[in-house]
file coords_4.cif (mmCIF, C-alpha atoms)
data_data
loop_
_atom_site.label_atom_id
_atom_site.label_comp_id
_atom_site.auth_asym_id
_atom_site.auth_seq_id
_atom_site.Cartn_x
_atom_site.Cartn_y
_atom_site.Cartn_z
CA MET A 1 28.64 -22.24 51.25
CA LYS A 2 25.82 -24.66 51.71
CA VAL A 3 26.83 -28.15 50.73
CA GLN A 4 24.62 -31.02 51.68
CA ALA A 5 26.59 -33.73 53.43
CA LEU A 6 25.02 -37.15 53.34
CA VAL A 7 25.41 -39.71 56.08
CA LEU A 8 28.38 -41.99 55.60
CA SER A 9 27.57 -45.65 55.39
CA GLN A 10 30.01 -48.29 56.54
CA SER A 11 31.33 -50.85 54.11
CA SER A 12 30.68 -54.41 55.26
CA SER A 13 33.22 -55.94 52.91
CA SER A 14 36.67 -56.39 54.37
CA GLU A 15 38.01 -57.45 50.99
CA LYS A 16 37.95 -53.94 49.53
CA SER A 17 41.19 -52.06 49.42
CA SER A 18 41.67 -48.93 51.49
CA SER A 19 41.55 -46.86 48.31
CA ASP A 20 38.26 -48.47 47.28
CA ASP A 21 36.84 -47.85 50.74
CA GLN A 22 37.89 -44.20 50.56
CA SER A 23 36.41 -43.78 47.07
CA SER A 24 33.20 -45.48 48.13
CA LYS A 25 32.91 -43.39 51.31
CA PHE A 26 33.23 -40.11 49.42
CA ALA A 27 30.95 -41.25 46.61
CA GLN A 28 28.29 -41.79 49.26
CA SER A 29 28.92 -38.71 51.36
CA GLY A 30 29.94 -35.93 49.01
CA TRP A 31 31.99 -32.86 49.86
CA SER A 32 31.03 -31.52 53.29
CA SER A 33 30.68 -27.97 54.58
CA ASP A 34 33.45 -28.76 57.10
CA GLN A 35 35.79 -29.73 54.26
CA GLU A 36 34.85 -26.55 52.39
CA ALA A 37 35.59 -24.46 55.49
CA GLN A 38 38.99 -26.15 55.86
CA LEU A 39 39.80 -25.53 52.19
CA ALA A 40 38.67 -21.89 52.44
CA SER A 41 40.94 -21.41 55.46
CA PHE A 42 43.87 -22.96 53.59
CA MET A 43 43.23 -20.83 50.48
CA ASN A 44 43.11 -17.70 52.63
CA ARG A 45 46.51 -18.54 54.15
CA PHE A 46 47.91 -19.62 50.78
CA GLY A 47 46.66 -16.43 49.09
CA THR A 48 48.22 -14.25 51.78
CA LYS A 49 51.52 -16.10 51.40
CA MET A 50 51.43 -15.70 47.59
CA LYS A 51 50.19 -12.08 47.80
CA GLN A 52 47.00 -13.10 46.00
CA LYS A 53 43.37 -12.71 46.99
CA TYR A 54 41.14 -15.67 46.16
CA LYS A 55 37.37 -15.46 45.87
CA GLU A 56 35.44 -18.59 46.80
CA TYR A 57 32.40 -19.74 44.85
CA ASN A 58 29.60 -19.57 47.41
CA GLY A 59 27.16 -21.89 45.66
CA GLN A 60 24.95 -19.02 44.48
CA GLU A 61 26.72 -16.12 42.77
CA SER A 62 28.90 -17.01 39.79
CA ILE A 63 32.58 -16.12 39.85
CA GLU A 64 33.81 -14.24 36.78
CA THR A 65 37.46 -14.25 35.76
CA LEU A 66 39.20 -11.37 34.00
CA ALA A 67 39.28 -13.55 30.90
CA GLY A 68 35.47 -13.68 30.98
CA GLU A 69 34.87 -17.20 32.25
CA LYS A 70 31.95 -17.64 34.62
CA TYR A 71 32.00 -20.45 37.13
CA PRO A 72 30.15 -22.74 37.49
CA ASP A 73 28.06 -21.62 34.46
CA ASP A 74 30.81 -22.38 31.94
CA PHE A 75 30.77 -26.08 32.79
CA ASN A 76 27.56 -26.18 30.74
CA ASN A 77 28.55 -23.54 28.18
CA ARG A 78 32.11 -24.41 27.15
CA THR A 79 34.29 -27.35 26.21
CA PHE A 80 36.92 -28.21 28.82
CA LYS A 81 40.19 -29.75 27.75
CA MET A 82 42.89 -31.33 29.90
CA CYS A 83 46.42 -30.40 28.91
CA SER A 84 49.83 -31.10 30.34
CA ASP A 85 53.08 -29.19 30.41
CA ASN A 86 54.89 -32.12 28.82
CA SER A 87 52.71 -32.45 25.74
CA LYS A 88 50.80 -30.32 23.30
CA LYS A 89 48.05 -32.94 23.20
CA THR A 90 44.74 -32.13 24.85
CA GLU A 91 41.80 -34.30 25.76
CA THR A 92 38.20 -33.17 26.13
CA ILE A 93 36.95 -33.93 29.63
CA ASN A 94 33.50 -34.30 31.16
CA ILE A 95 33.52 -31.88 34.10
CA GLY A 96 30.83 -30.19 36.17
CA TRP A 97 29.84 -28.66 39.48
CA ASP A 98 28.92 -31.58 41.74
CA PRO A 99 29.76 -31.39 45.47
CA SER A 100 27.40 -34.34 46.07
CA LEU A 101 29.52 -36.55 43.76
CA LYS A 102 26.30 -38.03 42.36
CA LYS A 103 26.16 -36.69 38.79
CA ASP A 104 27.57 -38.33 35.69
CA TYR A 105 30.88 -36.46 35.38
CA ASP A 106 34.44 -37.71 35.09
CA TYR A 107 35.60 -34.68 37.09
CA HIS A 108 33.24 -33.66 39.92
CA VAL A 109 34.10 -30.08 40.92
CA VAL A 110 33.49 -29.67 44.65
CA SER A 111 35.01 -26.22 45.22
CA ILE A 112 36.13 -23.23 43.12
CA PHE A 113 38.53 -20.43 44.03
CA ASN A 114 39.57 -17.63 41.66
CA CYS A 115 42.20 -14.90 41.82
CA ASN A 116 42.08 -12.16 39.21
CA VAL A 117 45.75 -11.20 39.00
CA GLY A 118 45.25 -7.66 37.75
CA ASN A 119 46.47 -7.65 34.18
CA PRO A 120 43.83 -8.00 31.46
CA GLU A 121 42.71 -11.60 31.16
CA GLN A 122 45.09 -12.95 33.83
CA HIS A 123 43.58 -15.18 36.46
CA ILE A 124 44.29 -18.29 38.49
CA THR A 125 41.21 -20.44 38.98
CA TYR A 126 41.42 -23.59 41.07
CA LEU A 127 38.80 -26.24 40.32
CA PHE A 128 39.05 -28.66 43.23
CA SER A 129 37.74 -31.91 41.79
CA VAL A 130 37.26 -35.60 42.38
CA HIS A 131 38.23 -37.94 39.53
CA ASP A 132 37.87 -41.70 39.90
CA GLY A 133 37.41 -41.23 43.65
CA GLN A 134 40.67 -39.29 44.01
CA PRO A 135 41.24 -35.58 44.73
CA VAL A 136 42.59 -33.57 41.80
CA ALA A 137 43.39 -29.85 42.07
CA LEU A 138 42.90 -28.49 38.57
CA VAL A 139 43.98 -25.01 37.54
CA ASP A 140 42.55 -22.85 34.75
CA GLN A 141 44.58 -19.92 33.46
CA THR A 142 42.92 -19.74 30.04
CA THR A 143 43.19 -16.29 28.50
CA ASN A 144 41.40 -16.68 25.17
CA GLY A 145 39.63 -19.07 22.84
CA SER A 146 36.37 -20.93 23.09
CA ASP A 147 37.79 -23.94 24.95
CA CYS A 148 38.78 -23.85 28.59
CA MET A 149 42.19 -25.44 29.12
CA VAL A 150 42.82 -27.01 32.53
CA LYS A 151 45.64 -29.06 34.02
CA GLU A 152 46.53 -30.50 37.37
CA THR A 153 48.24 -27.75 39.33
CA ALA A 154 51.99 -28.04 39.67
CA ASN A 155 51.76 -26.35 43.07
CA GLN A 156 52.53 -29.16 45.50
CA GLU A 157 51.28 -27.17 48.51
CA VAL A 158 47.81 -26.81 46.97
CA ARG A 159 47.73 -30.45 45.83
CA THR A 160 48.74 -31.78 49.24
CA ALA A 161 46.35 -29.54 51.20
CA PHE A 162 43.39 -30.54 49.04
CA ALA A 163 44.27 -34.24 49.25
CA ASN A 164 44.63 -34.06 53.05
CA ILE A 165 41.29 -32.25 53.44
CA PHE A 166 39.59 -34.66 51.05
CA GLU A 167 40.95 -37.68 52.91
CA GLY A 168 40.13 -36.23 56.34
CA ASN A 169 43.75 -35.69 57.38
CA ASN A 170 43.88 -32.32 59.08
#

call {"tool": "encode", "arguments": {"input": "coords_4.cif", "output": "structure tokens"}}
result
Amino acid sequence: MKVQALVLSQSSSSEKSSSDDQSSKFAQSGWSSDQEAQLASFMNRFGTKMKQKYKEYNGQESIETLAGEKYPDDFNNRTFKMCSDNSKKTETINIGWDPSLKKDYDYHVVSIFNCNVGNPEQHITYLFSVHDGQPVALVDQTTNGSDCMVKETANQEVRTAFANIFEGNN
């Protein structure tokens, strides 16, 4: 996957918090090809462990789920809603493909992995995103309807791996 990594610039202000520095650094640099390679390696190991085969979005050819979603095309063609397991409430979110972290989205998707489970319409699609400068591993398992329902994955292994890669902690 070709992702353009921009040169990191150093913050001259010592008054910023570590979190602000991290957010600022990634806002300037974007998601790198090294980070993508690390995530792809993790997803390969994770998929093997879970007996699932994940396909990585390569930046050119769309990924299609068994439910008919096409990534990243559907970011422009569908409404995305955030849901939670604890509530039936949903909230429309502004999400899009943006490894450079430069576009006007609330959720900047930097990497996409999909596993078509085998049964009609069943899939697990991870949308690795940055929201407010923080890594968020979203999962889409939508099976029908015009809206795409996403939520933060409950899988702690995936969440931790993405956060560590995002923050540069191998």

call {"tool": "resolve_selection", "arguments": {"input": "coords_4.cif", "expression": "the PyMOL selection byres ((chain A and resi 115) around 10)", "output": "PyMOL selection string"}}
result
chain A and resi 47+52-56+63-66+113-114+116-118+122-126

call {"tool": "atom_distance", "arguments": {"input": "coords_4.cif", "atom1": "CA of Glu157 (chain A)", "atom2": "CA of Phe128 (chain A)"}}
result
13.4 Å

call {"tool": "closest_residue", "arguments": {"input": "coords_4.cif", "among": "A:Cys83, A:Val130, A:Ala40, A:Ala154", "to": "Lys103 (chain A)", "atoms": "only C-alpha atoms"}}
result
A:Val130

call {"tool": "resolve_selection", "arguments": {"input": "coords_4.cif", "expression": "the PyMOL selection byres ((chain A and resi 131-147) around 6)", "output": "list of chain:residue names"}}
result
A:Ser23, A:Ala67, A:Thr79, A:Phe80, A:Asp106, A:Tyr107, A:Glu121, A:His123, A:Ile124, A:Thr125, A:Tyr126, A:Leu127, A:Phe128, A:Ser129, A:Val130, A:Cys148, A:Met149, A:Val150, A:Lys151, A:Glu152, A:Thr153, A:Arg159, A:Ala163

call {"tool": "atom_distance", "arguments": {"input": "coords_4.cif", "atom1": "CA of Asn77 (chain A)", "atom2": "CA of Ser32 (chain A)"}}
result
26.5 Å

call {"tool": "atom_distance", "arguments": {"input": "coords_4.cif", "atom1": "CA of Ile112 (chain A)", "atom2": "CA of Glu167 (chain A)"}}
result
18.1 Å

call {"tool": "resolve_selection", "arguments": {"input": "coords_4.cif", "expression": "the PyMOL selection byres ((chain A and resi 31) around 7)", "output": "list of chain:residue names"}}
result
A:Ala5, A:Ser29, A:Gly30, A:Ser32, A:Ser33, A:Gln35, A:Pro99, A:Ser100, A:Val110

call {"tool": "residues_around", "arguments": {"input": "coords_4.cif", "residues": "Pro72 (chain A)", "least_positions_apart": "5", "cutoff": "8 Å", "atoms": "all atoms listed in the file", "output": "PyMOL selection string"}}
result
chain A and resi 62-63+96-97

call {"tool": "axis_aligned_box", "arguments": {"input": "coords_4.cif", "around": "region 142-151 of chain A", "padding_each_side": "5 Å", "output": "AutoDock Vina command-line options"}}
result
--center_x 41.0 --center_y -22.7 --center_z 28.4 --size_x 19.3 --size_y 22.8 --size_z 21.2

call {"tool": "closest_residue", "arguments": {"input": "coords_4.cif", "among": "A:Asn164, A:Arg45, A:Arg78, A:Lys51", "to": "Thr92 (chain A)", "atoms": "only C-alpha atoms"}}
result
A:Arg78

call {"tool": "closest_residue", "arguments": {"input": "coords_4.cif", "among": "A:Met43, A:Asp34, A:Glu91, A:Phe75", "to": "Phe162 (chain A)", "atoms": "all atoms listed in the file"}}
result
A:Met43

call {"tool": "decode", "arguments": {"input": "coords_4.cif", "residues": "region 104-132 of chain A", "atoms": "N, CA, C and O atoms", "output": "PDB file, in the first residue's frame"}}
result
ATOM      1  N   ASP A 104     -11.164  16.980   6.150  1.00  0.00           N
ATOM      2  CA  ASP A 104     -12.097  17.450   7.176  1.00  0.00           C
ATOM      3  C   ASP A 104     -13.058  16.326   7.587  1.00  0.00           C
ATOM      4  O   ASP A 104     -14.244  16.346   7.231  1.00  0.00           O
ATOM      5  N   TYR A 105     -12.547  15.348   8.304  1.00  0.00           N
ATOM      6  CA  TYR A 105     -13.354  14.251   8.828  1.00  0.00           C
ATOM      7  C   TYR A 105     -13.203  14.219  10.349  1.00  0.00           C
ATOM      8  O   TYR A 105     -12.167  14.601  10.887  1.00  0.00           O
ATOM      9  N   ASP A 106     -14.220  13.696  11.014  1.00  0.00           N
ATOM     10  CA  ASP A 106     -14.099  13.434  12.446  1.00  0.00           C
ATOM     11  C   ASP A 106     -13.354  12.117  12.671  1.00  0.00           C
ATOM     12  O   ASP A 106     -12.605  11.978  13.631  1.00  0.00           O
ATOM     13  N   TYR A 107     -13.587  11.158  11.772  1.00  0.00           N
ATOM     14  CA  TYR A 107     -12.904   9.862  11.822  1.00  0.00           C
ATOM     15  C   TYR A 107     -12.120   9.705  10.520  1.00  0.00           C
ATOM     16  O   TYR A 107     -12.712   9.570   9.448  1.00  0.00           O
ATOM     17  N   HIS A 108     -10.790   9.734  10.634  1.00  0.00           N
ATOM     18  CA  HIS A 108      -9.887   9.589   9.491  1.00  0.00           C
ATOM     19  C   HIS A 108      -9.508   8.113   9.398  1.00  0.00           C
ATOM     20  O   HIS A 108      -8.750   7.621  10.232  1.00  0.00           O
ATOM     21  N   VAL A 109     -10.021   7.416   8.401  1.00  0.00           N
ATOM     22  CA  VAL A 109      -9.702   5.997   8.245  1.00  0.00           C
ATOM     23  C   VAL A 109      -8.337   5.885   7.577  1.00  0.00           C
ATOM     24  O   VAL A 109      -8.119   6.424   6.491  1.00  0.00           O
ATOM     25  N   VAL A 110      -7.412   5.189   8.251  1.00  0.00           N
ATOM     26  CA  VAL A 110      -6.042   5.061   7.752  1.00  0.00           C
ATOM     27  C   VAL A 110      -5.758   3.666   7.203  1.00  0.00           C
ATOM     28  O   VAL A 110      -4.795   3.475   6.473  1.00  0.00           O
ATOM     29  N   SER A 111      -6.591   2.690   7.559  1.00  0.00           N
ATOM     30  CA  SER A 111      -6.376   1.316   7.101  1.00  0.00           C
ATOM     31  C   SER A 111      -7.690   0.548   7.195  1.00  0.00           C
ATOM     32  O   SER A 111      -8.493   0.790   8.104  1.00  0.00           O
ATOM     33  N   ILE A 112      -7.893  -0.373   6.241  1.00  0.00           N
ATOM     34  CA  ILE A 112      -9.125  -1.172   6.200  1.00  0.00           C
ATOM     35  C   ILE A 112      -8.751  -2.638   5.990  1.00  0.00           C
ATOM     36  O   ILE A 112      -7.971  -2.969   5.092  1.00  0.00           O
ATOM     37  N   PHE A 113      -9.341  -3.495   6.819  1.00  0.00           N
ATOM     38  CA  PHE A 113      -9.186  -4.944   6.665  1.00  0.00           C
ATOM     39  C   PHE A 113     -10.567  -5.581   6.737  1.00  0.00           C
ATOM     40  O   PHE A 113     -11.367  -5.231   7.602  1.00  0.00           O
ATOM     41  N   ASN A 114     -10.841  -6.513   5.829  1.00  0.00           N
ATOM     42  CA  ASN A 114     -12.147  -7.179   5.790  1.00  0.00           C
ATOM     43  C   ASN A 114     -11.974  -8.689   5.755  1.00  0.00           C
ATOM     44  O   ASN A 114     -11.099  -9.218   5.084  1.00  0.00           O
ATOM     45  N   CYS A 115     -12.867  -9.366   6.468  1.00  0.00           N
ATOM     46  CA  CYS A 115     -12.956 -10.822   6.430  1.00  0.00           C
ATOM     47  C   CYS A 115     -14.402 -11.180   6.098  1.00  0.00           C
ATOM     48  O   CYS A 115     -15.316 -10.840   6.858  1.00  0.00           O
ATOM     49  N   ASN A 116     -14.615 -11.811   4.947  1.00  0.00           N
ATOM     50  CA  ASN A 116     -15.930 -12.332   4.617  1.00  0.00           C
ATOM     51  C   ASN A 116     -16.018 -13.701   5.260  1.00  0.00           C
ATOM     52  O   ASN A 116     -15.248 -14.604   4.940  1.00  0.00           O
ATOM     53  N   VAL A 117     -16.944 -13.840   6.208  1.00  0.00           N
ATOM     54  CA  VAL A 117     -16.998 -15.011   7.084  1.00  0.00           C
ATOM     55  C   VAL A 117     -17.474 -16.258   6.355  1.00  0.00           C
ATOM     56  O   VAL A 117     -17.102 -17.360   6.717  1.00  0.00           O
ATOM     57  N   GLY A 118     -18.280 -16.128   5.338  1.00  0.00           N
ATOM     58  CA  GLY A 118     -18.710 -17.297   4.599  1.00  0.00           C
ATOM     59  C   GLY A 118     -20.205 -17.406   4.447  1.00  0.00           C
ATOM     60  O   GLY A 118     -20.694 -17.822   3.418  1.00  0.00           O
ATOM     61  N   ASN A 119     -20.950 -17.056   5.478  1.00  0.00           N
ATOM     62  CA  ASN A 119     -22.398 -17.074   5.370  1.00  0.00           C
ATOM     63  C   ASN A 119     -22.848 -15.823   4.629  1.00  0.00           C
ATOM     64  O   ASN A 119     -22.186 -14.792   4.679  1.00  0.00           O
ATOM     65  N   PRO A 120     -23.992 -15.895   3.946  1.00  0.00           N
ATOM     66  CA  PRO A 120     -24.459 -14.704   3.219  1.00  0.00           C
ATOM     67  C   PRO A 120     -24.511 -13.486   4.140  1.00  0.00           C
ATOM     68  O   PRO A 120     -25.030 -13.546   5.241  1.00  0.00           O
ATOM     69  N   GLU A 121     -23.945 -12.433   3.670  1.00  0.00           N
ATOM     70  CA  GLU A 121     -23.922 -11.123   4.308  1.00  0.00           C
ATOM     71  C   GLU A 121     -23.020 -11.011   5.530  1.00  0.00           C
ATOM     72  O   GLU A 121     -22.890  -9.944   6.086  1.00  0.00           O
ATOM     73  N   GLN A 122     -22.399 -12.066   5.989  1.00  0.00           N
ATOM     74  CA  GLN A 122     -21.569 -11.959   7.195  1.00  0.00           C
ATOM     75  C   GLN A 122     -20.150 -11.529   6.845  1.00  0.00           C
ATOM     76  O   GLN A 122     -19.505 -12.109   5.977  1.00  0.00           O
ATOM     77  N   HIS A 123     -19.704 -10.524   7.569  1.00  0.00           N
ATOM     78  CA  HIS A 123     -18.356 -10.007   7.378  1.00  0.00           C
ATOM     79  C   HIS A 123     -17.914  -9.304   8.656  1.00  0.00           C
ATOM     80  O   HIS A 123     -18.726  -8.925   9.493  1.00  0.00           O
ATOM     81  N   ILE A 124     -16.604  -9.156   8.779  1.00  0.00           N
ATOM     82  CA  ILE A 124     -16.003  -8.369   9.844  1.00  0.00           C
ATOM     83  C   ILE A 124     -15.074  -7.392   9.135  1.00  0.00           C
ATOM     84  O   ILE A 124     -14.101  -7.814   8.506  1.00  0.00           O
ATOM     85  N   THR A 125     -15.394  -6.121   9.215  1.00  0.00           N
ATOM     86  CA  THR A 125     -14.577  -5.111   8.557  1.00  0.00           C
ATOM     87  C   THR A 125     -14.039  -4.160   9.614  1.00  0.00           C
ATOM     88  O   THR A 125     -14.810  -3.518  10.327  1.00  0.00           O
ATOM     89  N   TYR A 126     -12.717  -4.110   9.713  1.00  0.00           N
ATOM     90  CA  TYR A 126     -12.064  -3.194  10.638  1.00  0.00           C
ATOM     91  C   TYR A 126     -11.705  -1.915   9.895  1.00  0.00           C
ATOM     92  O   TYR A 126     -11.058  -1.957   8.845  1.00  0.00           O
ATOM     93  N   LEU A 127     -12.146  -0.791  10.440  1.00  0.00           N
ATOM     94  CA  LEU A 127     -11.826   0.531   9.918  1.00  0.00           C
ATOM     95  C   LEU A 127     -10.915   1.195  10.948  1.00  0.00           C
ATOM     96  O   LEU A 127     -11.387   1.757  11.936  1.00  0.00           O
ATOM     97  N   PHE A 128      -9.613   1.071  10.732  1.00  0.00           N
ATOM     98  CA  PHE A 128      -8.652   1.636  11.671  1.00  0.00           C
ATOM     99  C   PHE A 128      -8.608   3.145  11.432  1.00  0.00           C
ATOM    100  O   PHE A 128      -8.273   3.595  10.343  1.00  0.00           O
ATOM    101  N   SER A 129      -8.976   3.884  12.471  1.00  0.00           N
ATOM    102  CA  SER A 129      -9.242   5.313  12.329  1.00  0.00           C
ATOM    103  C   SER A 129      -8.514   6.143  13.372  1.00  0.00           C
ATOM    104  O   SER A 129      -8.050   5.625  14.384  1.00  0.00           O
ATOM    105  N   VAL A 130      -8.479   7.443  13.094  1.00  0.00           N
ATOM    106  CA  VAL A 130      -7.957   8.411  14.049  1.00  0.00           C
ATOM    107  C   VAL A 130      -9.090   9.406  14.304  1.00  0.00           C
ATOM    108  O   VAL A 130      -9.657   9.980  13.362  1.00  0.00           O
ATOM    109  N   HIS A 131      -9.433   9.573  15.578  1.00  0.00           N
ATOM    110  CA  HIS A 131     -10.495  10.492  15.991  1.00  0.00           C
ATOM    111  C   HIS A 131      -9.943  11.389  17.092  1.00  0.00           C
ATOM    112  O   HIS A 131      -9.460  10.898  18.108  1.00  0.00           O
ATOM    113  N   ASP A 132      -9.981  12.672  16.870  1.00  0.00           N
ATOM    114  CA  ASP A 132      -9.435  13.635  17.831  1.00  0.00           C
ATOM    115  C   ASP A 132      -7.985  13.298  18.202  1.00  0.00           C
ATOM    116  O   ASP A 132      -7.592  13.385  19.361  1.00  0.00           O
TER     117      ASP A 132
END
